[in-house]
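Asks: Below is the structure I would like to discuss, written out as structure tokens.
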Amino acid sequence: MSDFKAFDFRTRFGTKHFPSPIFTASGCAGYGRELSQFFDLGELGAVVTKSIAVKPRSGRPTPRMAETPSGMLNSIGLQGPGIDDFLEHDIPWLQKSGARTIVSISGESIEEYASLARRLRSVTGLSGIEVNISCPNVENRGLVFACDPIASRSVVEAVRRNIGGELPIIVKLSPDVTDIVAIAREVVDAGADGLALINTVLGMVIDIDARRPKLAGITGGLSGPAIRPIAVRAIYQVHSALPNIPILGMGGVASGRDALELVFAGASGISIGTATFGNPTAAIVVKTELENLLKERGFTSFTEAIGAAHER
Amino acid sequence: MSDFKAFDFRTRFGTKHFPSPIFTASGCAGYGRELSQFFDLGELGAVVTKSIAVKPRSGRPTPRMAETPSGMLNSIGLQGPGIDDFLEHDIPWLQKSGARTIVSISGESIEEYASLARRLRSVTGLSGIEVNISCPNVENRGLVFACDPIASRSVVEAVRRNIGGELPIIVKLSPDVTDIVAIAREVVDAGADGLALINTVLGMVIDIDARRPKLAGITGGLSGPAIRPIAVRAIYQVHSALPNIPILGMGGVASGRDALELVFAGASGISIGTATFGNPTAAIVVKTELENLLKERGFTSFTEAIGAAHER
Amino acid sequence: MSGINQRAIQKSVEVLSNKRVGSYHHMVFAVGEMAARVVPGNFVAISVGGPSSNLILRRAFAVYRASDRGQYGGTIELVIAPHGSGSKWLAERDIHDRIDMVGPLGTNFGIPKDPVNALLVGGGYGSAPLFGLAEILKNRGCRVDMILGASTAGKIYAPLEGKRSVSSLHLTTEDGSAGAKGRVTDLMVGLIERHQVDIIYSCGPMAMLEAVDKVAMSHQLMHQCAVEESMACGIGVCMTCVIPIRDESGTIKMSRSCIDGPVVDGSKVVWGSSRKIPEGTWGAP
Amino acid sequence: MSGINQRAIQKSVEVLSNKRVGSYHHMVFAVGEMAARVVPGNFVAISVGGPSSNLILRRAFAVYRASDRGQYGGTIELVIAPHGSGSKWLAERDIHDRIDMVGPLGTNFGIPKDPVNALLVGGGYGSAPLFGLAEILKNRGCRVDMILGASTAGKIYAPLEGKRSVSSLHLTTEDGSAGAKGRVTDLMVGLIERHQVDIIYSCGPMAMLEAVDKVAMSHQLMHQCAVEESMACGIGVCMTCVIPIRDESGTIKMSRSCIDGPVVDGSKVVWGSSRKIPEGTWGAP
Ligand SMILES: Cc1cc2nc3c(=O)[nH]c(=O)nc-3n(C[C@H](O)[C@H](O)[C@H](O)COP(=O)(O)OP(=O)(O)OC[C@H]3O[C@@H](n4cnc5c(N)ncnc54)[C@H](O)[C@@H]3O)c2cc1C
Ligand SMILES: Cc1cc2nc3c(=O)[nH]c(=O)nc-3n(C[C@H](O)[C@H](O)[C@H](O)COP(=O)(O)OP(=O)(O)OC[C@H]3O[C@@H](n4cnc5c(N)ncnc54)[C@H](O)[C@@H]3O)c2cc1C
Ligand SMILES: Cc1cc2nc3c(=O)[nH]c(=O)nc-3n(C[C@H](O)[C@H](O)[C@H](O)COP(=O)(O)O)c2cc1C
Ligand SMILES: Cc1cc2nc3c(=O)[nH]c(=O)nc-3n(C[C@H](O)[C@H](O)[C@H](O)COP(=O)(O)O)c2cc1C
Ligand code: FES
Ligand code: FES
């Protein structure tokens, strides 16, 4: 079915244009090195790196994962080398590799987000910042920022103030809230150029032989095809409320058809997360399938398809 | 492995004792008639009936369902004959059948819940009332009661006031909230004898050929194994906060192992919902498997196992 | 016992044969006592995908033929169109594989006491339940004419043994690759008049059933049709499969096509109601 | 290119044979050029469950043998213990079925330049990668003694062709159904002293590896072990498979057993760290 009429696959977040709407999902592609053996990272809109913190983090003890029906739970605990090490070793490699890079940051306080933004301000050649606010706020009884409109807003204001320039800020929201649109409005109001939907859903598995939670971290984040209907719903709700804010959609996308569902719901880009664990080349498979599905349906550019399910 | 040492399978909600901890889930067993061909309804702890409203309801247009990975979406819209017809035709049949019955009620205003409670007050031989508060409150911009602690509390107070006597009130909560423990505390405080966890998770599927939401109701409730980790987490959280409140657990239970996960998390009973669609005798399969798993683990009574995953 | 699903049983059944016929798979299953309970119009519900499948719902299939004698005891035959993951999985089963079947389910075609002239209209695999019906009508001394339509020749299911029990068989395809180019309704009026048809039976896609019903109405003919709505449970407990139907009193109710159907009186159906609740339906918002 | 996973390729491979051996399945796959890239200690990651499966993660299996010549071109052999849904699904594959394989992955056993006396210790299917290793050591002129242990006889995997490359093979079972009753470590000291063992290689359950490492330590012997942690991706991107390992500078880091392992230096592992982060680990809370 795929014809040869030129097809424009580009998409945009804030000031940045991307040649492809397929991205990696933070925490599901490391810092790029591991996947570069399987495909050219330049094929992606961008590599979204594992959320980086101010200091090195050991992450949580093992077991860190449990497979669930059509999904998995993870409790990694944001393991990472910290921003200094990251800027010294990982960013340079990514830039040499020819990949566009969106850096995901995570903090335990407003000040940590601010200082991460300051560190990234000086880095040239980045395509954006993804702000992971699904992290416990040590200054507020460990309440997750993303669950509190005010805390979410403050994080984004702090990042906006410190990042300066025109680097797009994409804020990643948690689905574990009563009203995701309310949170979306706050962070957009605070200066977010785009939104990433959705982070994992809080879940738990019990080991019925050991009679205790399977994960050392007790609860974990549910991801994979099991949560796709939740992602589609969140994207649809937020896109209807804020039609002009680009959404980086994710949640159980493993095929072009899955991706198209999120695009029709309102996503301007698609991140591939858990699917990469089942298939190292998942991002490329999705990219190829999505392009063909769009062409078969007579689209001449990707952007025409964004939010198409809202039209009637 | 199953030995012949007497095993006590009973469980309790409020003042009522049930010979088995396996129940049907509201909306997944009609009013009992349909399943009576496949097994003796007396084998169940109780039949939990499809949520009944004050007036007849046509429910939503079709399509009303979409299958999703290890789950399904439904948007039935609480179709039913209304309380009068229900009390005239369905309750008598259930009572003749020898099934214990828990009546699930749903309303669009506090007053509707109150009047449903008044109607049920006079009915003899019921085993309990399940209050489905995952319904839009017409008096408050259609905001779902279960998403608002105050509205949830008012519903339960109204039911408590009007039901009188000692009929157990089990309040069914929605997982689509930022803090399910906060809601649980409110409704228990307002007089709930038990909690039912969890109702479906709000989701959506898009028909990529029709370019619109697959369901006529646009969004729907996600159920089945896909949401089990969310159910286990919700039950675990609520049981740690309120260890003395019995929980009727549900969400993707299709086997004895699944049921045991929820029991170890803190459930005093298990409702079988979507699994019945895939297997009419699912409730009996789960019951038999659960009894064997408990015996293999040396339990002599079901109640010993409740919340066992919290002990270490 | 409530009467609902009263002939249904659940059984692990063996695949006896699986043959490709045009775009379809004709499959035979050893079902034991289930076979004797089947009446034309009934369907069965089958679990698909195997042990660690992500497909959690049964798939519904109309019974093409059921016979309770024969070397393998009771057998049920189905005609499967490989459509999505579930039906494809089923169509890939080999001889001796076992599958879990619940049936027979649903209503059946009503059989008139006296010999009448019947017109049977089928679309695609919708022809499947009509052959068993034709056989019974024939034995009751009825004249049976049949029209089968589909988009293209490969999608018409009309086996030899089936043809025996019909007085005349007419085909239509939208691409003209078999029979007359066009739709089943193009041939209906002619046959109705030529053979003084008393009753119409139909099975196929909703749009076809609606068109057939229009013709039946305009000739004041009884019309029994087997509808096809998406079903989650197939046994009446989920309320996903409803269609608006007028009851005796004329009230429109959203009725479950799995237990109040699939065979319903065409004149009672409120057609074209996908994505809307008809005006005046009982309990409409 | 980063160097990580640099020998790995992804390929749809054909099942050439599947034989039951005790509690295990010995399976052979036609993998083409993948075979030539394998070194003992490497593993492969396989998708399980088929098209509509609810199992979304790959399963990891150590390569038992790899050969790049032979009538089917390159082949890889695995020893599969049917454990849960995924490994059972794999063990049920028939000849000519195709599966999706990524490999070779992970680190490999280091081979000493000069001939040394090596003791190879395997638990359960953990013996699989040791036979390929033994062959290489043998060809390098090493003396190779092997101890294989399991709970019971059926769980010891010790094929004839494998035995050829070892100087002595000793078995232990916890129920005494084969070899000496007890654990592999009961026989280690005797063999270490009798044959002046220079290096120990091991593969098996974590608890066994820890016990083996204690013995290695007490005799100041090099110990290379292949660890087994739950893996979601197998290629280094998910961070689920970590174990605490001391680096050159002595800092403990949570290292990925899929790319910094499975073969690691036993003396560098901080044992018994399931469900806790060892004191002083880099970035510990
Ligand atoms: C009463 C009845 C009789 C039927 N008889 C036959 C028959 O004889 N031969 C035949 O080939 N098919 C028949 N069908 C249709 C058959 O059930 C569907 O083709 C099948 O369920 C599709 O499943 P899938 O996984 O292949 O497709 P998918 O599209 O992946 O299915 C997704 C979900 O939608 C439902 N669904 C999709 N299409 C249909 C449909 N057309 N009707 C009902 N549910 C659907 C499925 O049950 C499943 O729950 C019948 C359906 C009904 C209701
Ligand atoms: C490096 C390595 C080499 C291995 N080599 C072999 C081998 O040669 N032969 C063999 O039979 N098995 C081997 N295993 C173990 C094998 O991967 C597991 O038995 C298998 O993944 C279990 O999957 P399941 O679906 O059958 O079980 P389930 O328990 O249903 O699996 C559920 C999840 O847990 C993971 N999991 C469960 N048990 C293990 C385990 N022991 N190790 C790692 N992940 C696990 C699975 O990958 C899956 O994601 C190896 C594991 C690793 C990490
Ligand atoms: C193992 C794992 C680690 C993750 N780490 C992060 C992270 O560091 N930062 C973040 O914002 N999201 C993280 N996520 C969430 C994913 O980026 C993504 O939002 C989620 O998994 C849903 O997409 P998926 O279903 O395609 O995986 C992680 C997910 C997984 C499975
Ligand atoms: C088709 C369908 C209809 C339902 N109707 C109701 C209802 O009327 N009232 C209610 O409280 N819950 C209703 N539920 C929710 C179930 O009772 C149950 O809470 C949910 O499906 C999770 O359990 P499960 O995964 O076992 O189905 C319905 C669920 C389904 C799938
Ligand atoms: S399919 Fe469930 S009620 Fe008809
Ligand atoms: S398994 Fe994913 S990092 Fe090792």
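Just so we're on the same page: first chain in the structure tokens is A, next is B, and so on; residues restart at 1 for each chain, and ligands are numbered from 1 in the order they show up.
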Within 8 Å of ligand 4, which residues of chain C show up? Give each one with its shortest atom-to-atom distance in Å (one decimal) and the two atoms involved, counting only C-alpha atoms and all ligand atoms, rows by chain then rising residue number, as a tab-separated table.
Replies:
```
residue	atom	partner	partner_atom_place_in_ligand_line	distance
C:Ala232	CA	ligand 4	1 (C)	7.8
C:Val237	CA	ligand 4	1 (C)	7.9
C:Cys238	CA	ligand 4	1 (C)	4.5
C:Met239	CA	ligand 4	1 (C)	6.5
C:Thr240	CA	ligand 4	1 (C)	6.7
```
Asks: Would you export the selected residues with all heavy atoms as a tab-separated table (two decimals), in the first residue's frame, please?
Replies:
```tsv
chain	number	residue	atom	x	y	z
C	232	ALA	N	-19.19	-9.55	24.84
C	232	ALA	CA	-18.10	-9.82	25.78
C	232	ALA	C	-18.29	-11.18	26.46
C	232	ALA	O	-17.35	-11.92	26.66
C	232	ALA	CB	-18.00	-8.73	26.82
C	237	VAL	N	-24.67	-11.72	30.89
C	237	VAL	CA	-24.31	-11.05	32.15
C	237	VAL	C	-23.62	-9.70	31.99
C	237	VAL	O	-23.45	-8.98	32.96
C	237	VAL	CB	-23.43	-11.96	33.05
C	237	VAL	CG1	-24.22	-13.16	33.52
C	237	VAL	CG2	-22.16	-12.38	32.35
C	238	CYS	N	-23.22	-9.31	30.77
C	238	CYS	CA	-22.39	-8.09	30.67
C	238	CYS	C	-23.10	-6.88	30.08
C	238	CYS	O	-22.63	-5.76	30.23
C	238	CYS	CB	-21.12	-8.39	29.89
C	238	CYS	SG	-21.36	-8.52	28.11
C	239	MET	N	-24.18	-7.09	29.34
C	239	MET	CA	-24.94	-6.00	28.71
C	239	MET	C	-24.17	-5.24	27.63
C	239	MET	O	-24.46	-4.07	27.39
C	239	MET	CB	-25.41	-4.98	29.77
C	239	MET	CG	-26.19	-5.59	30.90
C	239	MET	SD	-27.67	-6.39	30.30
C	239	MET	CE	-28.89	-5.28	30.87
C	240	THR	N	-23.21	-5.87	26.99
C	240	THR	CA	-22.49	-5.15	25.92
C	240	THR	C	-23.16	-5.33	24.56
C	240	THR	O	-22.95	-4.53	23.66
C	240	THR	CB	-21.03	-5.65	25.77
C	240	THR	OG1	-21.04	-7.03	25.45
C	240	THR	CG2	-20.24	-5.43	27.03
```
Asks: Can you write out as CSV which residues of chain A fall within 6 Å of ligand 3, alongside each residue's closest atom pair and its distance in Å to one decimal, counting only C-alpha atoms and all ligand atoms and ordering rows by chain and ascending residue number?
Replies:
```
residue,atom,partner,partner_atom_place_in_ligand_line,distance
A:Ala25,CA,ligand 3,17 (O),4.2
A:Ser26,CA,ligand 3,17 (O),4.1
A:Gly27,CA,ligand 3,5 (N),3.4
A:Cys28,CA,ligand 3,2 (C),5.5
A:Lys50,CA,ligand 3,8 (O),4.6
A:Ser51,CA,ligand 3,8 (O),4.1
A:Asn74,CA,ligand 3,1 (C),5.3
A:Leu78,CA,ligand 3,8 (O),5.3
A:Asn132,CA,ligand 3,11 (O),4.7
A:Ile198,CA,ligand 3,19 (O),5.2
A:Asn199,CA,ligand 3,19 (O),3.7
A:Thr200,CA,ligand 3,20 (C),4.7
A:Ser223,CA,ligand 3,25 (O),4.0
A:Gly224,CA,ligand 3,25 (O),3.6
A:Met250,CA,ligand 3,23 (O),4.8
A:Gly251,CA,ligand 3,25 (O),3.5
A:Gly252,CA,ligand 3,25 (O),3.6
A:Val253,CA,ligand 3,26 (O),5.3
A:Ile272,CA,ligand 3,26 (O),4.7
A:Gly273,CA,ligand 3,26 (O),3.5
A:Thr274,CA,ligand 3,27 (O),3.6
A:Ala275,CA,ligand 3,26 (O),5.9
```
Asks: Produce a file of the selected residues containing N, CA and C atoms, as an mmCIF file, in the first residue's frame.
Replies:
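Done, and the output landed in result-v3.cif:
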```cif
data_model
loop_
_atom_site.group_PDB
_atom_site.id
_atom_site.type_symbol
_atom_site.label_atom_id
_atom_site.label_comp_id
_atom_site.auth_asym_id
_atom_site.auth_seq_id
_atom_site.Cartn_x
_atom_site.Cartn_y
_atom_site.Cartn_z
ATOM 1 N N ALA A 25 11.584 6.333 25.400
ATOM 2 C CA ALA A 25 10.974 6.770 26.658
ATOM 3 C C ALA A 25 12.064 6.773 27.716
ATOM 4 N N SER A 26 12.036 7.788 28.563
ATOM 5 C CA SER A 26 13.060 7.906 29.591
ATOM 6 C C SER A 26 13.114 6.644 30.446
ATOM 7 N N GLY A 27 14.312 6.167 30.694
ATOM 8 C CA GLY A 27 14.499 4.986 31.532
ATOM 9 C C GLY A 27 14.365 3.681 30.773
ATOM 10 N N CYS A 28 14.082 3.766 29.486
ATOM 11 C CA CYS A 28 13.915 2.560 28.671
ATOM 12 C C CYS A 28 14.908 2.503 27.534
ATOM 13 N N LYS A 50 17.542 8.510 30.450
ATOM 14 C CA LYS A 50 17.078 8.106 31.779
ATOM 15 C C LYS A 50 17.129 9.323 32.697
ATOM 16 N N SER A 51 16.092 9.547 33.492
ATOM 17 C CA SER A 51 16.047 10.727 34.360
ATOM 18 C C SER A 51 17.320 10.830 35.188
ATOM 19 N N ASN A 74 8.039 -1.899 37.544
ATOM 20 C CA ASN A 74 9.451 -1.643 37.831
ATOM 21 C C ASN A 74 9.570 -0.741 39.024
ATOM 22 N N LEU A 78 15.300 5.371 40.113
ATOM 23 C CA LEU A 78 16.101 6.410 39.436
ATOM 24 C C LEU A 78 17.601 6.226 39.624
ATOM 25 N N ASN A 132 10.703 15.154 34.816
ATOM 26 C CA ASN A 132 9.996 14.052 35.441
ATOM 27 C C ASN A 132 9.586 14.474 36.842
ATOM 28 N N ILE A 198 2.033 9.093 29.260
ATOM 29 C CA ILE A 198 1.913 9.104 30.701
ATOM 30 C C ILE A 198 3.128 8.415 31.329
ATOM 31 N N ASN A 199 3.394 8.747 32.587
ATOM 32 C CA ASN A 199 4.353 7.984 33.352
ATOM 33 C C ASN A 199 3.666 6.688 33.789
ATOM 34 N N THR A 200 4.379 5.845 34.496
ATOM 35 C CA THR A 200 3.808 4.546 34.891
ATOM 36 C C THR A 200 2.674 4.719 35.904
ATOM 37 N N SER A 223 3.760 -0.570 33.448
ATOM 38 C CA SER A 223 3.953 -0.082 32.083
ATOM 39 C C SER A 223 3.611 -1.196 31.100
ATOM 40 N N GLY A 224 3.641 -0.865 29.818
ATOM 41 C CA GLY A 224 3.368 -1.856 28.791
ATOM 42 C C GLY A 224 1.938 -1.782 28.276
ATOM 43 N N MET A 250 2.993 8.305 25.399
ATOM 44 C CA MET A 250 3.615 7.001 25.642
ATOM 45 C C MET A 250 2.739 6.191 26.570
ATOM 46 N N GLY A 251 2.937 4.894 26.531
ATOM 47 C CA GLY A 251 2.149 3.987 27.345
ATOM 48 C C GLY A 251 1.731 2.791 26.516
ATOM 49 N N GLY A 252 2.562 1.748 26.544
ATOM 50 C CA GLY A 252 2.191 0.495 25.896
ATOM 51 C C GLY A 252 2.235 0.483 24.390
ATOM 52 N N VAL A 253 2.945 1.414 23.788
ATOM 53 C CA VAL A 253 3.030 1.404 22.327
ATOM 54 C C VAL A 253 4.060 0.370 21.865
ATOM 55 N N ILE A 272 8.743 5.271 22.937
ATOM 56 C CA ILE A 272 8.697 3.816 23.041
ATOM 57 C C ILE A 272 9.462 3.401 24.288
ATOM 58 N N GLY A 273 8.769 2.782 25.216
ATOM 59 C CA GLY A 273 9.403 2.390 26.469
ATOM 60 C C GLY A 273 9.567 0.895 26.584
ATOM 61 N N THR A 274 8.656 0.270 27.328
ATOM 62 C CA THR A 274 8.721 -1.164 27.615
ATOM 63 C C THR A 274 8.849 -2.027 26.364
ATOM 64 N N ALA A 275 8.278 -1.584 25.257
ATOM 65 C CA ALA A 275 8.339 -2.394 24.031
ATOM 66 C C ALA A 275 9.783 -2.690 23.632
#
```
Asks: Could you pull out the strand (DSSP E) residues of range 140-302 of chain B from DSSP and send them as a list in words?
Replies: Leu143, Val144, Ile169, Ile170, Val171, Lys172, Gly194, Leu195, Ala196, Leu197, Val201, Leu202, Gly203, Ile206, Asp207, Arg212, Pro213, Gly220, Gly221, Leu222, Ser223, Ile247, Leu248, Gly249, Gly269, Ile270, Ser271 and Ile272 of chain B
Asks: I'd like the neighbourhood of range 165-173 of chain B as a list of chain:residue names, where a residue qualifies if any of its atoms comes within 7 Å (using only C-alpha atoms), though same-chain residues fewer than 3 positions away should be ignored.
Replies: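 Answer for this query is B:Phe13, B:Gly14, B:Thr15, B:Ser127, B:Gly128, B:Ile129, B:Glu130, B:Val131, B:Asn132, B:Ile133, B:Ser134, B:Ala146, B:Ala192, B:Asp193, B:Gly194, B:Leu195, B:Ala196, B:Leu197, B:Ile198, B:Asn199.
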Asks: Would you save the residues from that selection as a short mmCIF file (atom, residue, chain, number, x, y, z; two decimals), in the first residue's frame, using all heavy atoms?
Replies:
```cif
data_model
loop_
_atom_site.label_atom_id
_atom_site.label_comp_id
_atom_site.auth_asym_id
_atom_site.auth_seq_id
_atom_site.Cartn_x
_atom_site.Cartn_y
_atom_site.Cartn_z
N PHE B 13 -18.38 -9.73 56.66
CA PHE B 13 -18.44 -8.29 56.38
C PHE B 13 -19.47 -7.72 57.34
O PHE B 13 -20.62 -8.15 57.32
CB PHE B 13 -18.84 -8.02 54.93
CG PHE B 13 -17.72 -8.25 53.96
CD1 PHE B 13 -17.49 -9.52 53.44
CD2 PHE B 13 -16.87 -7.21 53.58
CE1 PHE B 13 -16.43 -9.74 52.56
CE2 PHE B 13 -15.83 -7.42 52.70
CZ PHE B 13 -15.60 -8.69 52.19
N GLY B 14 -19.04 -6.80 58.19
CA GLY B 14 -19.95 -6.25 59.19
C GLY B 14 -20.56 -7.37 60.00
O GLY B 14 -19.85 -8.25 60.50
N THR B 15 -21.88 -7.37 60.10
CA THR B 15 -22.57 -8.36 60.94
C THR B 15 -22.79 -9.69 60.23
O THR B 15 -23.25 -10.65 60.84
CB THR B 15 -23.96 -7.84 61.33
OG1 THR B 15 -24.65 -7.54 60.10
CG2 THR B 15 -23.85 -6.57 62.16
N SER B 127 -28.01 -9.79 52.29
CA SER B 127 -26.76 -9.98 53.03
C SER B 127 -25.93 -8.71 53.10
O SER B 127 -24.90 -8.67 53.77
CB SER B 127 -25.93 -11.09 52.39
OG SER B 127 -26.65 -12.30 52.41
N GLY B 128 -26.32 -7.70 52.35
CA GLY B 128 -25.57 -6.45 52.40
C GLY B 128 -25.92 -5.55 51.24
O GLY B 128 -26.65 -5.94 50.32
N ILE B 129 -25.38 -4.34 51.33
CA ILE B 129 -25.56 -3.36 50.26
C ILE B 129 -24.19 -2.91 49.81
O ILE B 129 -23.32 -2.63 50.64
CB ILE B 129 -26.35 -2.13 50.76
CG1 ILE B 129 -27.80 -2.53 51.03
CG2 ILE B 129 -26.28 -0.99 49.77
CD1 ILE B 129 -28.74 -1.36 51.09
N GLU B 130 -23.96 -2.90 48.49
CA GLU B 130 -22.72 -2.34 47.97
C GLU B 130 -23.09 -1.00 47.36
O GLU B 130 -23.99 -0.92 46.52
CB GLU B 130 -22.09 -3.28 46.93
CG GLU B 130 -20.70 -2.85 46.49
CD GLU B 130 -20.04 -3.84 45.53
OE1 GLU B 130 -20.26 -3.72 44.31
OE2 GLU B 130 -19.32 -4.75 46.02
N VAL B 131 -22.41 0.04 47.79
CA VAL B 131 -22.72 1.38 47.30
C VAL B 131 -21.70 1.76 46.24
O VAL B 131 -20.51 1.95 46.52
CB VAL B 131 -22.69 2.40 48.46
CG1 VAL B 131 -23.15 3.76 47.97
CG2 VAL B 131 -23.57 1.92 49.61
N ASN B 132 -22.17 1.82 45.00
CA ASN B 132 -21.31 2.18 43.87
C ASN B 132 -21.29 3.69 43.75
O ASN B 132 -22.27 4.28 43.28
CB ASN B 132 -21.85 1.52 42.60
CG ASN B 132 -21.12 1.98 41.35
OD1 ASN B 132 -20.09 2.65 41.43
ND2 ASN B 132 -21.65 1.62 40.20
N ILE B 133 -20.20 4.30 44.18
CA ILE B 133 -20.14 5.77 44.12
C ILE B 133 -19.34 6.27 42.92
O ILE B 133 -19.03 7.45 42.81
CB ILE B 133 -19.57 6.36 45.44
CG1 ILE B 133 -18.19 5.80 45.75
CG2 ILE B 133 -20.52 6.09 46.60
CD1 ILE B 133 -17.53 6.46 46.96
N SER B 134 -19.03 5.34 41.99
CA SER B 134 -18.35 5.77 40.75
C SER B 134 -19.39 6.23 39.74
O SER B 134 -19.44 5.72 38.62
CB SER B 134 -17.53 4.62 40.18
OG SER B 134 -16.59 4.19 41.13
N ALA B 146 -17.10 9.35 43.76
CA ALA B 146 -15.94 8.67 44.31
C ALA B 146 -14.65 9.49 44.19
O ALA B 146 -13.64 9.16 44.82
CB ALA B 146 -15.75 7.32 43.62
N ALA B 192 -19.31 3.28 56.79
CA ALA B 192 -19.16 2.08 55.95
C ALA B 192 -18.66 0.92 56.81
O ALA B 192 -17.78 1.10 57.64
CB ALA B 192 -18.18 2.36 54.81
N ASP B 193 -19.23 -0.27 56.62
CA ASP B 193 -18.77 -1.47 57.33
C ASP B 193 -17.65 -2.17 56.57
O ASP B 193 -16.91 -2.97 57.14
CB ASP B 193 -19.93 -2.46 57.49
CG ASP B 193 -21.10 -1.84 58.23
OD1 ASP B 193 -20.93 -1.54 59.42
OD2 ASP B 193 -22.15 -1.62 57.59
N GLY B 194 -17.58 -1.90 55.28
CA GLY B 194 -16.56 -2.53 54.46
C GLY B 194 -16.34 -1.71 53.20
O GLY B 194 -17.10 -0.79 52.90
N LEU B 195 -15.26 -2.06 52.48
CA LEU B 195 -14.93 -1.35 51.25
C LEU B 195 -14.80 -2.35 50.11
O LEU B 195 -14.35 -3.48 50.32
CB LEU B 195 -13.61 -0.60 51.41
CG LEU B 195 -13.57 0.45 52.52
CD1 LEU B 195 -12.15 0.90 52.80
CD2 LEU B 195 -14.46 1.64 52.13
N ALA B 196 -15.22 -1.96 48.91
CA ALA B 196 -15.01 -2.79 47.73
C ALA B 196 -13.97 -2.09 46.86
O ALA B 196 -14.12 -0.92 46.53
CB ALA B 196 -16.30 -2.99 46.95
N LEU B 197 -12.89 -2.80 46.56
CA LEU B 197 -11.77 -2.24 45.77
C LEU B 197 -11.38 -3.26 44.70
O LEU B 197 -11.11 -4.39 45.06
CB LEU B 197 -10.55 -2.01 46.66
CG LEU B 197 -10.71 -1.07 47.85
CD1 LEU B 197 -9.47 -1.12 48.75
CD2 LEU B 197 -10.93 0.34 47.36
N ILE B 198 -11.31 -2.93 43.46
CA ILE B 198 -11.47 -1.61 42.89
C ILE B 198 -12.53 -1.62 41.78
O ILE B 198 -12.80 -2.67 41.21
CB ILE B 198 -10.13 -1.09 42.26
CG1 ILE B 198 -9.65 -2.04 41.17
CG2 ILE B 198 -9.07 -0.88 43.32
CD1 ILE B 198 -8.42 -1.60 40.39
N ASN B 199 -13.10 -0.45 41.52
CA ASN B 199 -13.94 -0.32 40.35
C ASN B 199 -13.01 -0.19 39.13
O ASN B 199 -11.79 -0.23 39.28
CB ASN B 199 -14.84 0.92 40.48
CG ASN B 199 -16.18 0.71 39.76
OD1 ASN B 199 -16.19 0.18 38.65
ND2 ASN B 199 -17.26 1.12 40.39
#
```
Asks: Which residues of chain B are close to chain A, meaning at most 8 Å apart when you count only C-alpha atoms, and how do they look as an MDAnalysis selection string?
Replies: chainID B and resid 68:71 147 176:179 201:208 211:213 219 222 225:227 229:234 257 260:261 264:265 308:312
Asks: Name the residues in contact with Gly176 in chain D at a cut-off of 8 Å, using only C-alpha atoms, excluding same-chain residues fewer than 5 positions from it; report them as a list in words.
Replies: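 Everything that qualifies: Thr152, Ala153, Lys181 and Gly182 of chain D.
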Asks: Calculated over only C-alpha atoms, which of the candidates C:Gly32, C:Gly86, C:Pro40, C:Gly70 has the smallest distance to chain D?
Replies: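 Using only C-alpha atoms, the shortest distance to chain D belongs to C:Gly86.
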Asks: Using only C-alpha atoms, which protein or nucleic acid residues come within 9 Å of Asp68 in chain C? Drop anything in the same chain fewer than 2 positions from it, and give the result as a PDB file with C-alpha atoms, in the first residue's frame.
Replies:
```pdb
ATOM      1  CA  VAL C  31     -18.695 -32.036  21.216  1.00  0.00           C
ATOM      2  CA  GLY C  32     -20.581 -35.048  22.582  1.00  0.00           C
ATOM      3  CA  GLU C  33     -23.956 -34.283  24.104  1.00  0.00           C
ATOM      4  CA  MET C  34     -23.733 -30.594  23.175  1.00  0.00           C
ATOM      5  CA  ALA C  35     -24.663 -31.409  19.569  1.00  0.00           C
ATOM      6  CA  ALA C  36     -28.107 -32.791  20.362  1.00  0.00           C
ATOM      7  CA  ARG C  37     -29.039 -29.518  22.067  1.00  0.00           C
ATOM      8  CA  ALA C  66     -24.767 -30.156  14.377  1.00  0.00           C
ATOM      9  CA  GLY C  70     -21.800 -40.509  13.585  1.00  0.00           C
ATOM     10  CA  TYR C  72     -17.240 -39.378  16.557  1.00  0.00           C
ATOM     11  CA  GLY C  73     -20.486 -39.045  18.484  1.00  0.00           C
ATOM     12  CA  GLY C  74     -21.945 -35.559  18.555  1.00  0.00           C
ATOM     13  CA  THR C  75     -20.239 -33.017  16.307  1.00  0.00           C
ATOM     14  CA  ILE C  76     -20.642 -29.292  15.678  1.00  0.00           C
TER      15      ILE C  76
END
```
